[in-house]
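First comes the structure, then the notes that go with it.
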Protein chains: 8
Amino acid sequence: MKKPLVNIVIGSDSDLPTIKETEKILEEFDIAYETKILSAHRSPQKVSEFASNAANQGVKVIIAAAGGAAALAGAIAAHTTLPVVAIPIETKSLNGLDSLLSTVQMPSGVPVGCMAIGKAGAKNGAFFAIQILGTNDENIVRKIQNHKRKLREKVEQKNKDIKN
Amino acid sequence: MKKPLVNIVIGSDSDLPTIKETEKILEEFDIAYETKILSAHRSPQKVSEFASNAANQGVKVIIAAAGGAAALAGAIAAHTTLPVVAIPIETKSLNGLDSLLSTVQMPSGVPVGCMAIGKAGAKNGAFFAIQILGTNDENIVRKIQNHKRKLREKVEQKNKDIKN
Amino acid sequence: MKKPLVNIVIGSDSDLPTIKETEKILEEFDIAYETKILSAHRSPQKVSEFASNAANQGVKVIIAAAGGAAALAGAIAAHTTLPVVAIPIETKSLNGLDSLLSTVQMPSGVPVGCMAIGKAGAKNGAFFAIQILGTNDENIVRKIQNHKRKLREKVEQKNKDIKN
Amino acid sequence: MKKPLVNIVIGSDSDLPTIKETEKILEEFDIAYETKILSAHRSPQKVSEFASNAANQGVKVIIAAAGGAAALAGAIAAHTTLPVVAIPIETKSLNGLDSLLSTVQMPSGVPVGCMAIGKAGAKNGAFFAIQILGTNDENIVRKIQNHKRKLREKVEQKNKDIKN
Amino acid sequence: MKKPLVNIVIGSDSDLPTIKETEKILEEFDIAYETKILSAHRSPQKVSEFASNAANQGVKVIIAAAGGAAALAGAIAAHTTLPVVAIPIETKSLNGLDSLLSTVQMPSGVPVGCMAIGKAGAKNGAFFAIQILGTNDENIVRKIQNHKRKLREKVEQKNKDIKN
Amino acid sequence: MKKPLVNIVIGSDSDLPTIKETEKILEEFDIAYETKILSAHRSPQKVSEFASNAANQGVKVIIAAAGGAAALAGAIAAHTTLPVVAIPIETKSLNGLDSLLSTVQMPSGVPVGCMAIGKAGAKNGAFFAIQILGTNDENIVRKIQNHKRKLREKVEQKNKDIKN
Amino acid sequence: MKKPLVNIVIGSDSDLPTIKETEKILEEFDIAYETKILSAHRSPQKVSEFASNAANQGVKVIIAAAGGAAALAGAIAAHTTLPVVAIPIETKSLNGLDSLLSTVQMPSGVPVGCMAIGKAGAKNGAFFAIQILGTNDENIVRKIQNHKRKLREKVEQKNKDIKN
Amino acid sequence: MKKPLVNIVIGSDSDLPTIKETEKILEEFDIAYETKILSAHRSPQKVSEFASNAANQGVKVIIAAAGGAAALAGAIAAHTTLPVVAIPIETKSLNGLDSLLSTVQMPSGVPVGCMAIGKAGAKNGAFFAIQILGTNDENIVRKIQNHKRKLREKVEQKNKDIKN
């Protein structure tokens, strides 16, 4: 079993269906990953420990997903030099606008790379992590190029289908 | 010198002019307090240490002010059983809507008591802390009653002034 | 039967399912409470009477929940020196953004401690009230510590489950 | 001196510059009015007394202006059968969106007639009150018709000016 | 059959379920009314004709409901000296925020009295119209007092029910 | 003097500085235009007359700019078969979000083509009108191509400047 | 088969149900059109090629529909002198507010004519394109006049129905 | 002179003051970079060429800043396998909410890593790019650790200063 290059962190198991989209794409690209449940507000010490040690474990990118007053990605970023990719989860009352603003509006010095709200963001969290890994792995770059070509071909095929 | 019952925490010295409003009211009510600069994102370990120990130091209420992806109040609440009163600071681009949503939309189990955005909230942070202290101090209750009477009289005086 | 330390106030019986979350947690912590239906706009005199007398009845914290132009918590705060904890109820058209802003943006001198919109806020209203009571009751503090430990353990258990 | 048909109520003397626009138009239409400073949150009892007695004093319309968690118009409407016209005051952080939502989203049974945010709303509060008075006063209707004609002519004159 | 004192205007028959709430309350108060379908954008000339003549037909108050770029109430107000009460209809994409802002933000000189979004606003449109009629009809005032008393009693009854 | 192909309509002379941007571009492209001040709410009959007759006068495109409850573009669109290009004017309290939503959310059957809020939109109103005229005028198309080339060259020049 | 005067472009086949509304109206007006699936983000080169060549193919108006970070209409407008009519698609989390702002807030020099969010906008995209074609085709103008008359009659018929 | 590892792209020279913050931090970390002015809407072909070739030129991360309908980062991401870090520029009317939503809400398959609005985001764009480079450069990681230590010490120093 390969050592995980990517760690996915969610604050609650209610975020599992969203993050499943992230996992599927990492698997598709054959990227070793591990998913953890850690809460910035309910298990803060575990978040600190995890984030402080991730780099030493060989992790290269952390993907964090949270909703509402979504402090998780920022709390992780506070304790690591690794790039943290953040996914704002959709919320019932404010549709994820709260998650988005509490994720993206980080103070200078402690960035997180914020994706779209919800499942589109969950997928893109995986793609973005893969692109980061690709900055140092030609094999991954070829897989991304391949994937982008497939996306393009799929659109082109649909365009042909619609003509008939 | 009295031991502080209230601790005010801000994430940056740019928040000092806002929090000055909080301090003035605590002084007016003769409540011992201490102001600290601690950042959820830049000095997270100090935030954990502070929050974990505050109750043991005799602190009764913590007031936390932060802007943008305002994680400070929540990060403190994660480590203490004390009530945390939060003040969302006004921001340049989104006027404090980001601060408000990232402060108020806390997950269940870890509440913060959110005040209004900016200086009105900063004043009310003090009043709310005082009201909490008042739940166990008849002397403070009398001071609040006195203050509320003065507020009322001031409005009534202005109402008289306007007639002339 | 114990004298209620906490009073929950709602403006309409349509808010009962939300406030049920508050009640469950108060019961779990064995805090005596009473729930009342009083409307700032439909029975304003009853609100004034209630709020003016609550402190004398031995109440320590008032929790008020309302939606839309949510004036209830503020109307109560206007008549009492007790801390008022407010829960903005979700609304059909604006999803509770109206409730949130009309609750949290209180003028200086008359604070309410605002929780998150909807059921998460309803739960936290109870926790926050309990934390206020805890500022003067070591027994309650131990219960909160216990509860926070359980929250943490639950997250840690889920984290273990997900590994398998 | 004529008995006031219109009462203007503001929560704070900081609202005087806004409400000055209301007063100027009432004077222009020769409508007797009185301006009062009463606060829903700082002098709630005075608000109840005022609102409960206004109709008996011969007042026909109440205009209330407030900002932030703008409860004033609703608090007055709770105690009177008179139509209450509300002006949401501009606020520093949220530009009056908070004032607007906390004013306009009244529960069924207790309406207020909400105007635009700020000075345009302050002027229209006067015009709307005058239109209400006009439902029973042909002389006022003629003045409104006259005023509408002047508005039209002013636009038409500007349209001519721009051609040259 | 009595001559209608109130005219309800909607832009489309899809608004009928909302406005049904208005009609029920007018009927409850025994106020003669008529409902019309006229569109500011699809039958503008009919809107002008209607609004220009309504006062001469004995109408005292016009209630207009529209959604989206909700121009109807303003278009009517442009052609009449009667008070126009406006109800912003809920919309699918923006939940009625579009309807609210396009209704309430009228320029000075041409006010409409805006109610809450959707059915609560539809009910209140009726109540507000009745309050306007009440400024000149003691009989109506007594009915409103009666209705307000019933509202209060209903809340008080629910408060008693909840105790048991 | 050439017969105007484009008519610019504003509701108030306070919109002149914004619309000046539109005029400058039409002049740059040598398109005959005329600017009118007509108000949907203050001179509605003039708006109807203008809009009903514009096509017969040889006008091909109407550009309408308004702020707040911005009904002007829609009111014109209601009376003409010509394409109406709309510019939402910035507003003081809500920054033009009110203007935008009340302009763009038109009901089906009566479209307006909405531009960006404020001066960028005012410029683009001219460009868009020119593009519409270009659908039937090769000479105008060449001018647009020329303009787009200049825009591109200007960006490229700035890109060179920044290198040095 | 007639050469298409209008091209409809969507970024994904999930937008087909929305754009079906556009197609129906173009067919009703007997306007030749073609629908294409091209993505600004997944097949950008195809978008450039399409947009660069559309005018030469005899296309007069392009209608583009996209959701979220809706770059499609702008990407097309960047490569053509034809008027581009844009339809912001409703989105799950932010209800199309994201689509609207990313569509309408175009920089000066590169306009798109933005319609309402969702299906109302999809219908109006067709009507607006037809109005543009009508600036040079008397036959189309008559069809629009006819259609506007039918809209008016339909409203008037509903108004009659409601009386009975 | 070192080959640039980071490319900063802005759509207009009006964005230079914002992006200056990005440049200062890259220089502080001694990261070779190049700044380009390329517009998604005004020089789209240059954007495609740049983005298609950047990886081959040895660039590892692209930072793109744009405002309003901010398509630049997405347009670049469409043509490259490199990670694209995006900075939403503050705008005059909507304060950068438009820039934020049009930047962050990317469709799945084509991510950009979005930073905060304005100068805080501009600084963080640099830090995030550096963190990405650090995933493969121990020397950079040490610099980041050093920088984070300085941030922490600065906060701690301020905390000491405030005590005196």
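Convention: chains lettered A, B, ... in structure tokens order; per-chain residue numbering from 1; ligands numbered from 1 as shown.
Proximity to region 63-67 of chain B at 7 Å, evaluated using only C-alpha atoms and with sequence-adjacent residues fewer than 4 positions away removed, yields Asn7, Ile8, Val9, Ile10, Gly11, Leu72, Ala73, Val84, Val85, Ala86, Ile87, Pro88, Ile89, Glu90, Thr91, Gly96, Ser99 and Gly125 of chain B.
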Restricting it to N, CA, C and O atoms, dump the selection as a compact mmCIF listing (two decimals), in the first residue's frame.
# COMPACT_ATOMS: atom_id res chain seq x y z
N ASN B 7 -11.62 38.63 29.61
CA ASN B 7 -10.47 38.74 28.71
C ASN B 7 -10.98 39.13 27.34
O ASN B 7 -11.91 38.51 26.81
N ILE B 8 -10.35 40.18 26.79
CA ILE B 8 -10.66 40.57 25.41
C ILE B 8 -9.54 40.05 24.55
O ILE B 8 -8.37 40.23 24.87
N VAL B 9 -9.88 39.39 23.45
CA VAL B 9 -8.85 38.88 22.56
C VAL B 9 -9.09 39.41 21.15
O VAL B 9 -10.23 39.35 20.66
N ILE B 10 -8.04 39.94 20.53
CA ILE B 10 -8.14 40.37 19.13
C ILE B 10 -7.04 39.69 18.35
O ILE B 10 -6.02 39.28 18.90
N GLY B 11 -7.25 39.58 17.04
CA GLY B 11 -6.30 38.85 16.22
C GLY B 11 -5.18 39.73 15.68
O GLY B 11 -4.15 39.23 15.24
N LEU B 72 -11.43 33.32 15.22
CA LEU B 72 -10.86 33.46 16.56
C LEU B 72 -11.83 33.04 17.66
O LEU B 72 -11.49 32.23 18.54
N ALA B 73 -13.04 33.59 17.63
CA ALA B 73 -13.99 33.28 18.71
C ALA B 73 -14.27 31.78 18.76
O ALA B 73 -14.29 31.17 19.84
N VAL B 84 -18.14 32.56 25.34
CA VAL B 84 -17.33 33.41 24.46
C VAL B 84 -18.27 34.36 23.72
O VAL B 84 -19.20 33.93 23.04
N VAL B 85 -18.01 35.65 23.88
CA VAL B 85 -18.80 36.68 23.22
C VAL B 85 -17.98 37.16 22.02
O VAL B 85 -16.80 37.47 22.17
N ALA B 86 -18.60 37.20 20.83
CA ALA B 86 -17.83 37.46 19.61
C ALA B 86 -18.26 38.75 18.94
O ALA B 86 -19.45 39.06 18.86
N ILE B 87 -17.27 39.49 18.45
CA ILE B 87 -17.53 40.74 17.73
C ILE B 87 -16.98 40.63 16.32
O ILE B 87 -15.77 40.57 16.13
N PRO B 88 -17.86 40.61 15.31
CA PRO B 88 -17.38 40.57 13.92
C PRO B 88 -16.89 41.96 13.51
O PRO B 88 -17.64 42.93 13.59
N ILE B 89 -15.63 42.03 13.11
CA ILE B 89 -15.03 43.32 12.72
C ILE B 89 -15.44 43.68 11.29
O ILE B 89 -15.52 42.80 10.43
N GLU B 90 -15.67 44.97 11.06
CA GLU B 90 -15.94 45.43 9.69
C GLU B 90 -14.77 45.15 8.76
O GLU B 90 -13.62 45.33 9.14
N THR B 91 -15.06 44.74 7.52
CA THR B 91 -13.99 44.50 6.56
C THR B 91 -14.16 45.42 5.36
O THR B 91 -15.24 45.96 5.12
N GLY B 96 -17.98 43.35 6.46
CA GLY B 96 -18.20 42.62 7.70
C GLY B 96 -19.22 41.51 7.56
O GLY B 96 -19.44 40.76 8.51
N SER B 99 -17.22 38.51 8.11
CA SER B 99 -16.92 38.34 9.54
C SER B 99 -18.15 37.82 10.28
O SER B 99 -18.04 36.93 11.13
N GLY B 125 -20.51 43.92 23.23
CA GLY B 125 -19.72 42.81 23.78
C GLY B 125 -19.44 43.04 25.25
O GLY B 125 -19.55 42.13 26.08
Practice task
Enumerate as number ranges by chain the residues belonging to chain D that approach chain F to within 8 Å, with only C-alpha atoms taken into account.
Solution key: D: 90, 95-97, 117-118, 148, 151-152, 155-156, 158-159, 162-163
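Running DSSP on the backbone gives strand (DSSP E or B) for these residues within region 13-163 of chain A: Tyr33, Glu34, Thr35, Lys36, Ile37, Val61, Ile62, Ile63, Ala64, Ala65, Ala66, Val84, Val85, Ala86, Ile87, Pro88, Gly113 and Cys114 of chain A.
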Problem - Non-local contacts of Lys3 (chain H) (8 Å; only C-alpha atoms; under 5 positions in same chain excluded) as a list in words - result: Ala32, Tyr33 and Gly58 of chain H
Practice task
Might you pull out every residue within 6 Å of Ala116 (chain C), with only C-alpha atoms counted and same-chain residues fewer than 3 positions away left off, and present them as JSON, numbers by chain?
Solution key: {"B": [104, 105], "C": [121]}
Exercise for the section: Can you work out the spacing between CA of Val6 (chain F) and CA of Ala126 (chain F) in Å, to one decimal? Expected result: 9.0 Å
Practice task
Identify, with DSSP run on backbone atoms, the residues in chain G assigned to helix (DSSP H, G or I), and express the list as a PyMOL selection string.
Solution key: chain G and resi 13-28+44-53+55-57+72-77+97-104+119-134+138-163
Practice task
Give me the residues within 12 Å of Asp137 (chain A) as a ChimeraX atom specification, counting only C-alpha atoms and dropping any in the same chain fewer than 5 places off.
Solution key: /A:31,130-132,142-144 /H:60,81-82,135-136
Resulting file, chosen residues, N, CA, C and O atoms, as a compact mmCIF listing (two decimals), in the first residue's frame:
# COMPACT_ATOMS: atom_id res chain seq x y z
N ILE A 31 -3.96 8.23 -7.15
CA ILE A 31 -3.22 9.00 -6.14
C ILE A 31 -3.56 8.43 -4.77
O ILE A 31 -4.74 8.36 -4.40
N ILE A 130 -4.21 17.28 -7.54
CA ILE A 130 -3.46 16.52 -8.56
C ILE A 130 -2.58 17.47 -9.37
O ILE A 130 -1.43 17.15 -9.69
N GLN A 131 -3.09 18.64 -9.70
CA GLN A 131 -2.29 19.61 -10.45
C GLN A 131 -1.08 20.07 -9.64
O GLN A 131 -0.01 20.30 -10.19
N ILE A 132 -1.28 20.21 -8.34
CA ILE A 132 -0.14 20.56 -7.47
C ILE A 132 0.90 19.44 -7.49
O ILE A 132 2.09 19.69 -7.68
N ARG A 142 0.86 14.03 -17.55
CA ARG A 142 0.28 13.32 -18.70
C ARG A 142 -1.13 12.84 -18.41
O ARG A 142 -2.01 12.92 -19.26
N LYS A 143 -1.35 12.38 -17.18
CA LYS A 143 -2.72 11.96 -16.82
C LYS A 143 -3.70 13.14 -16.86
O LYS A 143 -4.85 13.00 -17.27
N ILE A 144 -3.24 14.30 -16.38
CA ILE A 144 -4.12 15.48 -16.42
C ILE A 144 -4.42 15.87 -17.87
O ILE A 144 -5.56 16.15 -18.24
N LYS H 60 5.78 26.94 -12.88
CA LYS H 60 5.19 25.91 -12.02
C LYS H 60 3.81 26.30 -11.50
O LYS H 60 2.96 25.45 -11.24
N THR H 81 -2.16 22.59 -17.45
CA THR H 81 -2.24 21.59 -16.39
C THR H 81 -1.62 22.12 -15.10
O THR H 81 -1.62 21.44 -14.07
N LEU H 82 -1.11 23.35 -15.15
CA LEU H 82 -0.52 23.95 -13.95
C LEU H 82 -1.60 24.40 -12.97
O LEU H 82 -2.69 24.80 -13.40
N THR H 135 6.22 22.05 -2.02
CA THR H 135 5.94 20.60 -1.99
C THR H 135 7.09 19.81 -2.61
O THR H 135 7.15 18.59 -2.48
N ASN H 136 7.99 20.54 -3.29
CA ASN H 136 9.12 19.83 -3.89
C ASN H 136 10.45 20.54 -3.67
O ASN H 136 11.37 20.41 -4.47
Practice task
State, in Å with one decimal place, the distance from CA of Lys24 (chain E) to CA of Thr80 (chain E).
Solution key: 25.5 Å
Handout entry: Coordinates-based distance that separates CA of Lys119 (chain G) from CA of Ile25 (chain G) (Å, one decimal)
Key = 12.0 Å
